[in-house]
Amino acid sequence: MEANGRVCAEPGCAEPGEFRAPLLDHVPTGRDGPPPVRWLCLDHVRAFNARYNFFNGMSAEEINMAQRPYAGWERETRAFSGVDRGPRWADFADPLDAIAARFRREPAADRGDGKPLSGQDRASLKVLGLAADADRMALRKRYSELVRRFHPDRNGGDRSHEGELQRVIAAYQQLRQAPAFA
């Protein structure tokens, strides 16, 4: 950092003060914000760092409390659920709909049980010809129907539907493990 005209705060030194160091004899004022600092030259900041002791003036118990692995984590934190509530819209304007779009809900017409469907789930349901509200039993029944229809052993050895059979099997395997059908 350039000195910007500052001189080292060490008495008798005329070098530029480029490095910040805390005031050791500073008494907290109770105001919020960073504590005041003094600016030192390179030689004096090196000397300051060599003799600086964070634990100076602390009792053994205070030192132990400051050194424990979870120091500072006693405060209760906000639970992370992955779903944030939207902001209060009265507090600001959103003319480009940049923030509101994130919190806009999609229509909840997917399933009656409230289980969400991914895009891959929707594509697999389309392959099987099922509605979004199909249950596990309907899934299995439709899979059996389509396998019987497209399997070469069931339709006289005709292999023309083999690609469709593979898509049906892949869709069923994906949906069978989907959270919406668990």
# chains A, B, ... in the order shown; residues from 1 in each chain; ligands from 1
>>> residues_around(residues="Gly12 of chain A", least_positions_apart="2", cutoff="12 Å", atoms="only C-alpha atoms", output="MDAnalysis selection string")
chainID A and resid 7:10 14:15 40:41 44
>>> closest_atom_pairs(of="segment 108-127 of chain A", to="segment 143-165 of chain A", cutoff="12 Å", atoms="only C-alpha atoms", output="JSON lines")
{"residue": "A:Ser124", "atom": "CA", "partner": "A:Tyr143", "partner_atom": "CA", "distance": 11.2}
{"residue": "A:Leu125", "atom": "CA", "partner": "A:Tyr143", "partner_atom": "CA", "distance": 10.5}
{"residue": "A:Val127", "atom": "CA", "partner": "A:Glu164", "partner_atom": "CA", "distance": 8.9}
>>> atom_distance(atom1="atom CA of Phe55 of chain A", atom2="atom CA of Gln67 of chain A")
10.1 Å
>>> atom_distance(atom1="atom CA of Arg46 of chain A", atom2="atom CA of Arg20 of chain A")
11.1 Å
>>> closest_residue(among="A:Tyr52, A:Tyr70, A:Phe19, A:Tyr172", to="Leu130 of chain A", atoms="only C-alpha atoms")
A:Tyr172
>>> atom_distance(atom1="atom CA of Arg68 of chain A", atom2="atom CA of Leu24 of chain A")
24.3 Å
>>> select_by_dssp(residues="segment 124-155 of chain A", states="helix (DSSP H, G or I)", output="PyMOL selection string")
chain A and resi 124-128+136-150
